[in-house]
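Chemist: Quick one: the structure is below, questions incoming.
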Amino acid sequence: MNWPISARRLASASLFSASLLFAATGCEDANDLGVDLPGTGTASTEYRDFPVTASTILQDSIETLKTNSYLIGRVRDNALGTTTANGYFNLKLSTLPGDTLPSGVSGTAPNPQLDSVVLVMPFESVYGSATNPLRVNVYPLVSALDDQGIYNSNSSAAVDAANPLGTGLSARLNGSRKFNQRNDATSTTDTTTFKVTVPDKTVRLKLNSGGSSLPATVFARLADKNVAFTQAGLNAVLKGIAVQPASDFTSAVVGFSTTSVAASSVSRITFYYHYTNKKANGTLRGSYGIPFGNQPGFGSAINAPRYFTEIKTDLLAPFNRLQGTTGASASVPASETGDVVYTQLGNGIATKLEIPGLQELKNEAQGGSNPAIAINRAELLIPVQPYTNLLFASPSSTYLYEVNAFNQPLKRVLLNNRVERLVLRDGTSQLAPAVTSIENTSEGNGYYQQAAPASLFSVSDVNRSYGMVLTGYVQSYVYDKLGGVAPAAFILSPQVRQSRALGLERAVLDGKNIKLRVYYSKLR
C-alpha cells in the first residue's frame with residue numbers, strides 16, 4: 001500500500017527522534033496518527049510495541065586472520081573484565097620506497113654496519129588510556145604461520161621465549177611531532193614557513209641488536225653481496241614474530257591499520273645502518289624495512305604475509321559463567337547486570353534478543369483461511385545506555401543473526417555454500433537474495449554485504465539509539481517465507497563475517513527498553 005505523506009513523516013520520526021521513539025507504548029489506533037486515511041480502505045491500521053528480552057552472551061571464535069587492523073595490548077575495565085590481544089606475523093620481503101638493501105649500497109668498500117633494529121608500527125586507535133606508554137615483548141616464531149592454516153581469535157602460535165627479540169619494550173601513545181608548513185604552498189616566491197604540531201601515531205620499538213642477536217644475523221644476510229637474500233633465506237633465519245603485551249601492562253589495547261597504501265603507514269622491521277662513502281672519507285646512512293601485517297603493498301590481502309590477532313577476555317562475574325558453557329545457561333540476563341546488556345567487536349561479547357511478539361503476529365496472521373493482518377512497517381528500537389562509551393567507542397552499526405536455542409547461528413545453503421542466516425536488508429529476499437558471491441565483492445553484491453545494519457543515531461550525548469528497519473523480515477517471518485527452522489532468538493553483534501573489521505568498539509544497551517515496533521493493518 002502507498003502511505004500518505006503524514007505516514008512517511010511518522011516512520012521517519014520513529015527512527016530519528018528518540019524522544020518520540022520510546023515515549024509511545026502499548027497498542028494504539030494509528031488511523032488517528034495518519035498512517036492511513038480514515039474511511040478510505042477496508043483495513044484499520046495500528047502499531048504495537050512488542051517487548052524484547054535481552055541478555056549478554058559469548059560467541060565462539062571471531063575471524064582475525066588478515067583483518068583490516070591487528071590489535072596488541074591489554075585493557076582492564078570494571079564492567080566485563082580484562083581483554084588481552086597478541087599479534088602474530090609472517091614477514092615478507094618487499095622493498096619500500098626510500099629503502100636500500102645493505103648489500104646494494106655503492107662504494108669501493110662500503111662495509112655496512114648495523115646501528116639499530118626498530119619495529120615501526122603506525123596505529124589508528126587506542127582502546128583504553130593513551131597516557132601510559134605501551135609496553136610489549138617481542139619473540140621470534142618457532143615456525144611460520146601455515147599458508148593453509150585457519151587462524152582466529154582463539155588461535156595462538158608457538159614462540160621462542162628463550163630467545164626474545166626484546167622484552168619490556170615501550171613506546172608512547174600520546175606523542176607528537178613537529179614539522180614546517182609553508183604559509184603559501186602555491187606561491188613561487190613566498191617560502192616562509194610556520195611550525196605545525198600533530199599527533200605522532202606510530203609505535204617505535206628498538207629491538208636487541210647485539211652482535212650475537214637474531215636481528216644482527218638477519219642483517220648480516222642482508223649485507224652479504226655474494227649471496228642474494230631471498231624469502232626462503234629470510235624464513236630460514238627469522239620465521240616470523242609475535243608481539244605481546246608485558247605481563248603487568250593493563251592500560252590499553254592498540255589498533256594498527258593494515259590497509260593504508262602510504263609507505264609511511266606500513267608496519268615493518270627496519271634495519272638502520274651506516275657505511276663508508278665512495279671516497280672512503282665519510283659515512284652515509286641507510287635503512288631497509290621488512291613489512292608485516294600489511295595488505296596494499298602486496299596487491300591484496302591474499303598475497304599479503306599472514307597475520308592474525310589472538311584475543312582473550314578474562315570475564316568478571318557474572319559474565320565469567322559464559323566461558324566454557326553452552327545452551328540456555330550461556331547467557332546473562334539484563335536483570336543481573338543493572339538492566340544493561342553488552343555487544344562488542346572483537347571479543348565475541350554479543351546481545352541475545354528474544355522476541356515472542358513475532359510468534360504472536362504469526363498466529364494472528366494465520367488465524368483463518370485468509371491473512372488476518374498485513375505488515376506495513378517494522379523496526380527494531382535499541383536505546384543505548386548514557387555515558388557508557390568513555391573507554392570503548394560505540395560501533396557505528398550492529399547486525400542480527402538468527403540463532404537456535406544454543407545461541408548458534410542457523411545456516412542455509414546459498415550458491416552451494418552453507419552460510420549463517422543473517423537478517424538481510426529491507427527489500428532483499430531473506431530466503432533467496434540476489435547475490436553473485438558469498439565473498440565480498442567490489443560491486444557490493446556478496447552475501448554478507450546484504451546484512452541489514454542497525455545504525456547508531458545520536459540526538460544528544462544522553463539520547464542515543466540503534467534503529468533497524470525489519471519490514472521485509474517480519475513479513476517473511478509472519479507469512480512463513482524464511483525457509484527452514486524458525487529462529488529461537490537473535491544475536492545482535494557488530495561483527496559480520498567477510499567484513500575484515502577488527503576492533504574493540506562496544507555498545508552498552510538499555511536492556512529493559514528494547515522493543516520491536518510493528519505497524520500493521522487488520523483486514524476487514
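Residue numbering restarts at 1 in every chain; chains get A, B, ... in the order shown in the C-alpha cells, and ligands count up from 1 in that same order.
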Which residues of range 362-419 of chain A have any atom within 8 Å of an atom in range 494-511 of chain A when counting only C-alpha atoms, and what is the closest pair of atoms for each, with the distance in Å to one decimal? Order the rows by chain and rising number and write it as a Markdown table.

Modeler:
```
| residue | atom | partner | partner_atom | distance |
| --- | --- | --- | --- | --- |
| A:Ile382 | CA | A:Leu509 | CA | 7.0 |
| A:Pro383 | CA | A:Asp510 | CA | 5.5 |
| A:Val384 | CA | A:Leu509 | CA | 4.4 |
| A:Gln385 | CA | A:Asp510 | CA | 5.1 |
| A:Thr388 | CA | A:Val508 | CA | 6.3 |
| A:Asn389 | CA | A:Ala507 | CA | 7.3 |
| A:Phe392 | CA | A:Glu505 | CA | 5.3 |
| A:Ala393 | CA | A:Glu505 | CA | 5.1 |
| A:Ser394 | CA | A:Arg506 | CA | 5.1 |
| A:Pro395 | CA | A:Glu505 | CA | 5.2 |
| A:Ser397 | CA | A:Pro494 | CA | 6.1 |
| A:Thr398 | CA | A:Pro494 | CA | 4.0 |
| A:Tyr399 | CA | A:Pro494 | CA | 5.8 |
```

Chemist: With DSSP run on the backbone, what are the strand (DSSP E or B) residues within range 395-425 of chain A? I'd like them as a PyMOL selection string.

Modeler: chain A and resi 397-403+409+411-414+417-420+422+424

Chemist: Within 6 Å of range 62-78 of chain A, counting only C-alpha atoms, which residues qualify if same-chain residues fewer than 6 places away don't, as a list in words?

Modeler: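 Everything that qualifies: Thr84, Ala85, Asn86, Gly87, Tyr151, Asn152, Ser153, Pro245, Thr250, Ser251, Ala252, Val253, Val254, Gly255, Phe256, Ser257, Thr258, Thr259, Tyr307, Phe308, Thr309, Arg500, Ala501 and Leu502 of chain A.
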
Chemist: Extract, using only C-alpha atoms, all DNA, RNA and protein residues at most 7 Å from range 88-105 of chain A, discarding same-chain residues fewer than 2 positions from it, and format them as a PyMOL selection string.

Modeler: chain A and resi 86+107+112+144-145+222-225+231+239-243+263+286-293+305-309

Chemist: Could you tell me, as a list of chain:residue names, which residues of range 92-253 of chain A DSSP assigns to alpha helix (DSSP H) when given the backbone?

Modeler: A:Leu214, A:Pro215, A:Ala216, A:Thr217, A:Val218, A:Phe219, A:Ala220, A:Arg221, A:Leu222, A:Gln231, A:Ala232, A:Gly233, A:Leu234, A:Asn235, A:Ala236, A:Val237

Chemist: Please determine, counting only C-alpha atoms, which residue among A:Gly357, A:Ala157, A:Leu58, A:Gly348 has the shortest atom-to-atom distance to Glu310 in chain A.

Modeler: A:Ala157
